[in-house]
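J.: Quick one: structure below, then a few questions.
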Amino acid sequence: MSFKGADVVSIRDLSREQIEQVMDLAEELVPYATGEKSTRAMEGKILGNLFFEPSTRTRLSFETAMLRLGGRFIEIAQPQSSSVVKGETLADTIRMVEGYADAIVLRHPHEGAARLAAKYCSKPVINAGDGAGQHPTQTILDLFTIRQQANGIADKNVVLVGDLKYGRTAHSLAEALGMFGANLMFVAPPLLQMPKETIKHLEKNGITPRLSSSLEEVISDADILYVTRIQRERFPDPAEYIKVAGSYRVDNALLREAKKDLVIMHPLPRVDEIAPEVDHTDNAKYFHQAFNGVPVRMALIMLVLGGEL
Amino acid sequence: MSFKGADVVSIRDLSREQIEQVMDLAEELVPYATGEKSTRAMEGKILGNLFFEPSTRTRLSFETAMLRLGGRFIEIAQPQSSSVVKGETLADTIRMVEGYADAIVLRHPHEGAARLAAKYCSKPVINAGDGAGQHPTQTILDLFTIRQQANGIADKNVVLVGDLKYGRTAHSLAEALGMFGANLMFVAPPLLQMPKETIKHLEKNGITPRLSSSLEEVISDADILYVTRIQRERFPDPAEYIKVAGSYRVDNALLREAKKDLVIMHPLPRVDEIAPEVDHTDNAKYFHQAFNGVPVRMALIMLVLGGEL
Amino acid sequence: MSFKGADVVSIRDLSREQIEQVMDLAEELVPYATGEKSTRAMEGKILGNLFFEPSTRTRLSFETAMLRLGGRFIEIAQPQSSSVVKGETLADTIRMVEGYADAIVLRHPHEGAARLAAKYCSKPVINAGDGAGQHPTQTILDLFTIRQQANGIADKNVVLVGDLKYGRTAHSLAEALGMFGANLMFVAPPLLQMPKETIKHLEKNGITPRLSSSLEEVISDADILYVTRIQRERFPDPAEYIKVAGSYRVDNALLREAKKDLVIMHPLPRVDEIAPEVDHTDNAKYFHQAFNGVPVRMALIMLVLGGEL
């Protein structure tokens with residue numbers, strides 16, 4: 001099974017075997033991602049990073065991934081400094097940039113943008129998040145972190161907590177976790193619970209997630225606690241927001257009810273969802289999760305461009 | 001004849017022999033520009049890209065040109081993030097950056113900026129467009145594309161269509177095409193026809209361009225159709241703009257009247273001047289033209305910095 | 001004495017011996033900074049440049065320093081394009097970026113930011129200016145320029161002129177010059193004279209600076225004239241500003257009263273403090289001073305990352 005020349009648009013396009021192939025290579029690449037070992041696998045290759053909305057974490061980790069592989073990048077980091085302001089279509093921008101780069105990484109505010117780009121581009125396109133759509137490299141790095149930190153995914157109790165309705169990250173991750181045989185628990189205020197479409201998709205694949213609105217109720221069973229942000233803008237009443245946000249806040253008091261080796265994750269940036277005191281516990285894995293963006297993105301770049309260590 | 005250490009400010013500074021030297025080297029560099037072959041000709045060299053106005057295509061292609069040569073770049077891509085906002089003069093900015101780079105690429109909103117920069121800079125300065133002034137690397141890549149796609153320039157019928165009055169690209173290209181012996185046809189609404197100064201300059205050199213306001217009238221004679229954008233802002237009456245813009249739109253219906261191997265070019269970004277259906281024809285060469293910015297800019301960088309493959 | 005793994009937050013953290021070690025290495029690195037010689041000392045290393053406020057000169061010279069050492073960088077050059085706008089704390093941003101880079105360079109609008117970053121970061125942090133706080137690499141490059149251009153620092157008569165009250169650069173430089181045994185003269189309008197805290201700090205170390213409000217009065221004694229900008233905003237009355245600014249302007253008439261080999265410096269950008277006519281004199285060393293940011297920053301990067309030529 002070869003990735004060479006392929007696009008990475010949606011996690012749904014990838015089989016379980018393909019995701020495992022990415023994760024296995026990412027594991028091998030960890031010492032290269034830290035700089036401990038060095039490689040020129042991508043020497044002479046150029047990545048075209050097109051970020052049409054701000055995304056520091058994703059952008060910088062793709063940059064480092066390419067540099068650690070010995071490759072280089074060119075970049076649009078500011079939509080307002082690009083031809084887009086002169087009314088150019090995405091299809092035209094893509095056909096220009098494919099003349100300047102060996103693969104394209106696209107971050108775009110509109111759902112479907114990556115699929116469109118892949119259609120027009122003869123070079124591999126990696127989706128780095130397209131609005132309410134997909135963000136497959138985030139999903140794979142989340143799976144990779146769980147596999148690495150909890151010693152596997154199957155049969156682990158994974159609690160997703162926070163805004164599960166609008167949080168793009170949560171939908172894709174839930175589906176992928178289902179594919180890998182995790183036990184799923186969705187914890188959210190009723191208005192922000194996981195969409196029925198995602199739950200039906202899981203049930204069709206034989207997974208019945210447990211739903212709850214109380215973190216206290218499920219915390220003692222969790223092997224992994226994946227926290228996402230609840231945005232103030234979702235609540236018409238600010239008082240209601242404060243009440244809800246407070247009840248899903250992860251702090252040391254909550255951890256006393258949890259398994260000793262609970263793995264806490266967060267896609268970052270966080271605001272108030274995790275108390276700073278938690279950072280000092282061994283359970284806090286969210287900064288390591290951010291680092292894991294490097295080996296996972298290195299693996300994907302190498303696979304679509306066809307390099308060897 | 002040596003370019004080493006020279007500035008590239010205006011196409012008028014270059015002789016026909018020098019332009020041919022750039023194009024010959026660019027042709028040799030095409031496989032390096034695509035990444036098929038690799039070179040370290042510019043290893044250890046740093047290009048200082050100063051973009052004081054947005055220009056994605058020019059900026060990215062200079063970046064790729066330098067990277068494909070094994071060199072590196074530093075960059076101001078955002079005027080608002082630079083010392084300029086603190087009131088620094090261009091002469092001072094240039095004398096700072098020349099301490100950090102081996103050559104400077106300058107894009108600036110004001111005509112004459114590149115000449116001023118070259119005056120103050122002891123390192124080579126390449127003009128990447130200065131307002132209503134010159135954009136010599138664009139002119140050379142246009143000539144190179146014609147030579148490459150139409151098998152030569154002399155005696156070819158080149159139609160320039162669109163806004164020929166305000167379009168910087170069109171004036172320089174017309175003069176350079178005249179120097180290379182092309183037959184010129186200028187198609188524009190009367191208000192946007194080529195300036196008399198440019199026509200006189202051509203006539204002085206023995207070239208008599210054919211003027212027309214109708215694309216239908218000349219299309220069957222054209223070997224190359226170079227399309228430029230007509231800007232809405234030029235027309236006080238929006239209805240007038242729509243009528244005019246529509247009559248210069250290139251689509252498949254128009255192509256039925258054209259030679260089979262017509263070469264269609266556009267400096268990009270395009271808006272409505274060329275219908276998307278044309279993209280699928282063999283006549284559409286504008287994306288390849290954009291790519292040609294890479295080998296042409298590689299050639300100029302190598303010539304002014306004095307490297308060897 | 002080893003710098004490896006150390007942070008460079010404040011000039012006050014460094015001993016005289018350490019600063020000399022940086023300057024000695026910087027001197028050795030000059031031919032590498034110009035590109036005359038090349039090194040791969042930092043090959044495979046990544047610098048994380050976080051510029052949360054615009055600073056072209058500092059940013060570009062850190063970029064060039066890292067490139068001339070054979071290393072690479074990733075960068076936030078635009079605060080508005082970063083996670084910061086999503087409410088992320090600096091501590092979180094730093095703990096993310098330390099997963100992507102081998103050392104961090106931080107420019108931040110708030111005093112104390114670099115100290116905070118160093119506290120949270122396990123990799124070396126170099127302060128590239130934090131608001132009204134410290135800018136240690138500027139201080140060292142100023143010392144280095146004096147040592148280089150005036151053949152030493154001890155017993156030289158150094159005049160600091162301009163806004164000495166609010167100018168961050170001036171306070172740190174004055175203290176460092178005191179440590180190296182220079183004779184100090186502070187020339188400023190009474191409202192903008194050097195803060196008493198700095199003067200007391202100097203007197204405690206046995207240095208008694210000479211204070212004056214007249215540049216004419218001291219110019220004939222000066223070996224080095226370090227000019228800083230007087231900002232219009234400091235004066236409630238515009239007429240008062242014009243009068244004051246005019247009286248501290250350096251021009252050729254003033255230079256007639258000066259020593260023949262006077263060294264004129266300025267941290268740049270300058271506005272009106274130095275007349276353009278002065279640029280053509282041998283006394284003008286401010287552009288060379290800007291260049292010196294490269295070898296000095298190369299030296300610091302090599303020392304904290306532990307590389308060898």
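For the structure tokens, the naming scheme is as follows: chains receive sequential letters (A, B, ...) according to their order of presentation, residues are indexed from 1 within each chain, and ligands are indexed from 1 in presentation order.
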Report the closest atom pair, with its distance in Å rounded to one decimal, for each residue of chain A that has an atom no farther than 9 Å from chain C; count only C-alpha atoms, sort by chain and then rising residue number, and write it as CSV.
T.:
```
residue,atom,partner,partner_atom,distance
A:Ala33,CA,C:Tyr100,CA,8.1
A:Thr34,CA,C:Gly99,CA,7.6
A:Gly35,CA,C:Gly44,CA,6.9
A:Lys37,CA,C:Gly44,CA,8.9
A:Ser38,CA,C:Gly44,CA,6.6
A:Thr39,CA,C:Gly44,CA,8.6
A:Glu53,CA,C:Ser81,CA,7.8
A:Pro54,CA,C:Ser81,CA,4.8
A:Ser55,CA,C:Ser82,CA,6.3
A:Thr56,CA,C:Ser82,CA,5.1
A:Arg57,CA,C:Met96,CA,7.5
A:Leu60,CA,C:Ile74,CA,6.4
A:Ser61,CA,C:Tyr100,CA,6.3
A:Glu63,CA,C:Ile74,CA,6.6
A:Thr64,CA,C:Tyr100,CA,5.9
A:Ala65,CA,C:Tyr100,CA,8.4
A:Leu67,CA,C:Arg72,CA,7.4
A:Arg68,CA,C:Gly44,CA,6.8
A:Gly70,CA,C:Gly44,CA,7.8
A:Ala77,CA,C:Ser81,CA,7.7
A:Gln78,CA,C:Ser81,CA,7.2
A:Leu268,CA,C:Glu88,CA,8.4
A:Pro269,CA,C:Glu88,CA,5.7
A:Arg270,CA,C:Glu88,CA,6.5
A:Val271,CA,C:Glu88,CA,6.3
A:Phe287,CA,C:Met96,CA,5.9
A:His288,CA,C:Gly99,CA,7.6
A:Ala290,CA,C:Met96,CA,6.2
A:Phe291,CA,C:Gly99,CA,4.9
A:Asn292,CA,C:Gly99,CA,8.5
A:Val294,CA,C:Tyr100,CA,7.3
```
J.: Any chance you could list, as a ChimeraX atom specification, the residues in stretch 1-184 of chain C that come up alpha helix (DSSP H) when DSSP is run on the backbone?
T.: /C:16-33,56-68,90-97,113-120,136-149,168-179
J.: Please provide as JSON, numbers by chain all residues within 6 Å of A:Gly306, with the sequence filter that same-chain residues fewer than 3 positions apart are discarded (counting only C-alpha atoms).
T.: {"A": [4, 302, 303]}
J.: Any chance you could export the current selection's C-alpha atoms as a short mmCIF file (atom, residue, chain, number, x, y, z; two decimals), in the first residue's frame?
T.:
```
data_model
loop_
_atom_site.label_atom_id
_atom_site.label_comp_id
_atom_site.auth_asym_id
_atom_site.auth_seq_id
_atom_site.Cartn_x
_atom_site.Cartn_y
_atom_site.Cartn_z
CA LYS A 4 3.35 8.24 -2.67
CA MET A 302 7.79 11.40 3.83
CA LEU A 303 5.01 9.06 2.78
#
```
J.: Can you pull out every residue within 7 Å of stretch 216-225 of chain B, counting only C-alpha atoms, but drop anything in the same chain fewer than 6 positions away, and send it as a PyMOL selection string?
T.: chain B and resi 156-160+257-259+262-265
J.: Write the selection just made, keeping C-alpha atoms, as a PDB file, in the first residue's frame?
T.:
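Wrote it out as again_30.pdb, contents follow:
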```pdb
ATOM      1  CA  LYS B 156       5.595  36.091 -34.125  1.00  0.00           C
ATOM      2  CA  ASN B 157       2.287  37.917 -33.966  1.00  0.00           C
ATOM      3  CA  VAL B 158       1.862  38.928 -30.343  1.00  0.00           C
ATOM      4  CA  VAL B 159      -1.489  40.399 -29.287  1.00  0.00           C
ATOM      5  CA  LEU B 160      -1.510  42.319 -26.008  1.00  0.00           C
ATOM      6  CA  GLU B 257     -11.428  31.671 -34.489  1.00  0.00           C
ATOM      7  CA  ALA B 258      -7.792  31.298 -33.393  1.00  0.00           C
ATOM      8  CA  LYS B 259      -4.791  29.386 -34.692  1.00  0.00           C
ATOM      9  CA  LEU B 262      -2.182  29.821 -30.090  1.00  0.00           C
ATOM     10  CA  VAL B 263      -0.305  30.455 -26.835  1.00  0.00           C
ATOM     11  CA  ILE B 264      -2.460  32.182 -24.183  1.00  0.00           C
ATOM     12  CA  MET B 265      -0.616  34.002 -21.428  1.00  0.00           C
TER      13      MET B 265
END
```
J.: Rounded to one decimal, what separation in Å do you get between atom CA of C:Glu233 and atom CA of C:Arg59?
T.: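 So the answer is 25.5 Å.
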J.: Could you name the residues that touch stretch 196-198 of chain C at 10 Å or less, counting only C-alpha atoms, but leaving out those on the same chain fewer than 2 positions away, as a PyMOL selection string?
T.: chain C and resi 165+170-172+174-175+193-194+200-204
J.: What parts of stretch 12-226 of chain A does DSSP call strand (DSSP E)? I'd like the answer as number ranges by chain.
T.: A: 46-51, 72-76, 103-108, 125-130, 157-161, 183-187, 210-212, 224-226
J.: What gap, in Å, lies between atom CA of C:Gln289 and atom CA of C:Glu277?
T.: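 Value for the atom CA of C:Gln289-atom CA of C:Glu277 distance: 18.1 Å.
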J.: Applying 7 Å and only C-alpha atoms, which residues near stretch 134-140 of chain B remain after dropping the ones on its own chain fewer than 6 positions away? List them as a list in words.
T.: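 Near neighbours after the sequence-gap exclusion: Val9, Ser10, Ile11, Asn127, Ala128, Arg168, Thr169, Ser172, Leu173 and Arg297 of chain B.
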J.: What separation in Å, quoted to one decimal, exists between atom CA of C:Leu300 and atom CA of C:Val22?
T.: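 Computing it gives 6.4 Å between the two atoms.
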J.: Give the answer as one residue: which of B:Ser2, B:Thr228, B:Ser122, B:Ser212 has the shortest atom-to-atom distance to B:Pro267, using only C-alpha atoms?
T.: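 So, comparing all the options, the nearest one is B:Thr228.
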J.: For a quick check of understanding, using only C-alpha atoms, which of C:Ala132, C:Leu309, C:Val227, C:Leu184 has the smallest distance to C:Ala275?
T.: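 Ranked by minimum distance to C:Ala275, first place goes to C:Val227.
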J.: Pick the closest to C:Leu164 from C:Gly152, C:Gly112, C:Pro189, C:Gly178: which is it, counting only C-alpha atoms?
T.: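 So, comparing all the options, the nearest one is C:Pro189.
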J.: With a distance cut-off of 8 Å and only C-alpha atoms, select the neighbouring residues of C:Ala26, excluding the residue or stretch itself and same-chain residues fewer than 6 positions from it, and output the selection as a PDB file with N, CA and C atoms, in the first residue's frame.
T.:
```pdb
ATOM      1  N   PRO C 295      27.448  38.853  13.761  1.00  0.00           N
ATOM      2  CA  PRO C 295      28.446  38.039  14.466  1.00  0.00           C
ATOM      3  C   PRO C 295      28.157  37.889  15.957  1.00  0.00           C
ATOM      4  N   VAL C 296      27.624  38.942  16.592  1.00  0.00           N
ATOM      5  CA  VAL C 296      27.343  38.843  18.032  1.00  0.00           C
ATOM      6  C   VAL C 296      26.233  37.822  18.291  1.00  0.00           C
ATOM      7  N   ARG C 297      25.187  37.847  17.452  1.00  0.00           N
ATOM      8  CA  ARG C 297      24.097  36.872  17.663  1.00  0.00           C
ATOM      9  C   ARG C 297      24.537  35.464  17.269  1.00  0.00           C
ATOM     10  N   MET C 298      25.397  35.367  16.248  1.00  0.00           N
ATOM     11  CA  MET C 298      25.982  34.054  15.939  1.00  0.00           C
ATOM     12  C   MET C 298      26.713  33.500  17.157  1.00  0.00           C
ATOM     13  N   ALA C 299      27.501  34.357  17.794  1.00  0.00           N
ATOM     14  CA  ALA C 299      28.289  33.905  18.947  1.00  0.00           C
ATOM     15  C   ALA C 299      27.362  33.418  20.067  1.00  0.00           C
TER      16      ALA C 299
END
```
